[in-house]
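In what follows, a single structure is set out as structure tokens and then discussed.
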Amino acid sequence: MISVESLQFVYPNGNEALRGVDLSIQDGEFLAVMGENGAGKTTLVKTFNGLLRPTQGRILVDGVDTKKSSVAALARDVGLVFQNPDHQLFCETVRDEVAYSLRNFGYPTDVVERRVTSILEALDLTPHADSSPFMLSGGERKRVALASVLVWNPRHIVLDEPTIGQDYQQKDRLRNFIVQLNAQGKTVIMVTHDVEFVAECKPRVVLLSRGRIIADGKAGRILTDRVLVENASLLQPQISLLLSSINDLPSDIIDVYSARTMISNKIGRLGNVNAGL
Amino acid sequence: MEHLSIIEIKDLSFSYTGSVRKSLNRVNINVRKGEFVVVTGPSGCGKTTLCRCLNGLVPNFYAGDLEGEALVCGLDIRKQSTGALSQHVGFVFQNPENQLFSLTVERDVAFGPENLGLSRKEIRRRVEWALKVTGIESLRDRAPYELSGGQQQRAAIASVLAMQPEIIVLDEPTSFLDPKSSKEILQVISNLNKELGITVFLVEHRLDLATRHSNRIIILDKGAVALDGPPEDVYNEEAHLIGIGLPKVTLLFHLLRHDGIETEKIPVTVEQGAEELRRILRK
């Protein structure tokens with residue numbers, strides 16, 4: 001469990017990024033932190049693994065105050081994947097990059113080998129295992145960064161803008177992957193602007209604006225609230241915009257498959273909800 | 001000399017030195033002056049490499065094996081320096097950190113025009129205009145590195161606009177922006193296209209936001225052009241299978257069609273979708 005208590009954070013240049021945040025994240029929860037550029041989202045998640053220490057207030061990770069623990073110790077429990085993969089990649093090959101942390105933690109070679117192979121497979125990186133991370137596309141590098149953190153199996157996983165540069169199929173994989181992680185009891189916290197991705201995943205949504213939480217609740221409620229969405233510089237999901245422009249349709253539908261079922265039912269064409277394109 | 005096409009790419013193939021895969025594999029694209037082209041495709045399909053060809057970064061900076069031909073504003077990318085091409089083609093990168101380097105935003109935006117040897121008055125005019133259209137007048141004295149990702153991208157776009165190029169190439173310029181800012185930036189780009197006639201070559205995954213501004217979508221897959229045409233034609237099942245994130249409204253109507261709910265057209269924007277949906281519900 002991660003508890004954020006009266007958190008304030010001021011950068012050395014005086015920029016007050018967080019102005020009193022209270023938040024409680026249960027084990028195994030799936031949470032999206034959303035809000036405008038500069039709202040304090042990245043600052044908030046950087047306090048979870050101790051990269052940033054609160055100016056005021058405190059963060060408890062599984063009951064331990066982050067001020068009393070080292071980043072090295074916290075990193076085992078809280079895996080943070082940065083927004084910009086180039087801030088964390090440095091090895092010669094994708095395989096070495098992904099194996100780096102495990103070797104550092106002193107795992108035996110066969111365990112390292114097995115775990116690296118399985119995570120590369122899960123993130124569709126096997127064909128690139130022996131390439132240099134810097135020869136890959138932006139989207140591929142992003143997945144290497146993700147793999148290099150997930151491989152050590154942290155209990156809480158923090159993803160800063162995981163969908164940037166990812167195409168639809170990769171997003172689908174990522175979503176399935178997050179569902180799996182959740183099913184294993186892991187906490188997944190993602191910072192994102194991607195309203196369409198959130199509309200499909202439907203996590204709990206925490207809306208930050210100018211260093212404060214302005215809303216906390218179900219994706220279907222928050223992303224359809226025109227005022228909240230506007231205040232956080234987001235846009236409503238397309239499906240929500242579409243349905244809200246027509247009278248007498250349910251107002252909490254945000255994803256394409258629920259919209260299809262609702263419309264097909266409404267005009268008496270019971271669609272097979274499992275059939276994709 | 002007048003050219004019908006401002007970008008002419010013929011059978012262009014490229015593989016980076018040390019890589020076995022062909023990042024581009026016989027690409028053919030013609031872009032007319034004043035067009036607004038959206039280029040999209042799955043991760044690793046060659047979008048970024050194609051952009052790099054348009055300002056000569058490939059093959060001048062990124063070495064590799066280049067075959068075929070690419071003319072940009074009539075200039076052969078193999079025979080021109082990146083510097084010569086930069087006066088015609090403005091480039092906005094995926095990651096704004098790669099393109100900002102001055103101590104203030106204003107200095108960054110002024111850098112290009114200063115290097116063109118323009119008059120002080122003209123430099124000032126262009127800087128003011130570029131800051132204004134990107135909405136960052138209040139950030140002019142801030143250091144780029146202390147700005148948020150979205151603010152940095154605005155500064156990067158402003159610094160390119162100040163060059164007043166004939167073509168702007170934007171490689172996923174909204175990746176780091178919040179949705180509202182993304183919408184605004186795409187509107188800015190659209191205005192530049194409509195009002196000043198600047199040709200736009202926009203690489204975007206976010207078709208929900210980009211589609212309304214463009215009547216030509218090019219889908220790349222495995223280094224080649226898979227589909228090229230107006231969104232109404234291109235946003236089909238093949239595009240979905242390639243892994244393109246079709247606008248959700250478009251996807252919804254494809255799914256409804258599977259349920260036997262026929263529509264005259266498959267909508268590509270929310271407005272078109274609302275019209276079709278009203279028609280369906282009235283029946």
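Labeling convention for the structure tokens: chains A, B, ... as they appear, residues from 1 per chain, ligands from 1 in order of appearance.
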Exercise for the section: Find the residues in chain A near chain B: any atom within 6 Å counts, using only C-alpha atoms. Write them as a ChimeraX atom specification. Expected result: /A:36-38,137,139,164,166-169,193,233-235,242,256,271
Handout entry: Nearby residues (only C-alpha atoms) at most 6 Å from Gln8 of chain A, same-chain spacing under 5 positions excluded, as a PyMOL selection string
Key = chain A and resi 18-20+55-56
Exercise for the section: Could you give me, as a ChimeraX atom specification, the residues within 12 Å of Arg141 of chain A, counting only C-alpha atoms and dropping anything in the same chain fewer than 3 positions from it? Expected result: /A:81-91,93-94,97-98,123-125,128-129,131-138,144-148,162-166 /B:43-44
Exercise for the section: If you run DSSP over the backbone, which residues in segment 168-249 of chain B end up strand (DSSP E or B)? Put them as a PyMOL selection string. Expected result: chain B and resi 168-171+199-203+216-221+224-229
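From atom CA of Asp27 of chain A back to atom CA of Asn182 of chain A, the distance works out to 9.1 Å.
Shortest separation to Ile213 of chain A among A:Ala232, A:Val191, A:Ala199, A:Ile119 occurs at residue A:Ala232, atoms counted being only C-alpha atoms.
Every protein or nucleic acid residue with an atom no more than 12 Å from Asn104 of chain A, counting only C-alpha atoms and leaving out same-chain residues fewer than 5 positions away, appears here: Ala72, Arg76, Asp96, Glu97, Val98, Ala99, Thr109, Val112 and Trp152 of chain A.
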Problem - Exercise: Ile157 of chain A partners within 7 Å, only C-alpha atoms, chain neighbours under 4 positions left out, as a ChimeraX atom specification - result: /A:78-80,187-189
With C-alpha atoms kept, could you save the residues just selected as a PDB file, in the first residue's frame?
ATOM      1  CA  VAL A  78       8.508   0.370  -6.501  1.00  0.00           C
ATOM      2  CA  GLY A  79       9.561   0.017 -10.144  1.00  0.00           C
ATOM      3  CA  LEU A  80       9.433   3.319 -12.010  1.00  0.00           C
ATOM      4  CA  THR A 187      -0.258  -2.326  -7.935  1.00  0.00           C
ATOM      5  CA  VAL A 188      -0.121  -0.492 -11.255  1.00  0.00           C
ATOM      6  CA  ILE A 189       0.014   3.282 -11.238  1.00  0.00           C
TER       7      ILE A 189
END
Exercise for the section: From segment 98-267 of chain B, collect each residue whose DSSP state is alpha helix (DSSP H) and return the set as an MDAnalysis selection string. Expected result: chainID B and resid 105:115 120:133 149:161 179:196 207:210 231:234 237:242 248:258
Handout entry: Contacts of segment 214-223 of chain A within 8 Å, only C-alpha atoms, excl. fewer than 3 positions in-chain, as a PyMOL selection string
Key = chain A and resi 195+198-199+202-209+226+228-229+235-237+252-254
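All residues of protein, DNA or RNA that reach within 8 Å of segment 111-125 of chain B, judged by only C-alpha atoms and not counting those fewer than 3 positions away in the chain, are Arg107, Asp108, Glu128, Trp129, Ser159, Val160, Ala162 and Met163 of chain B.
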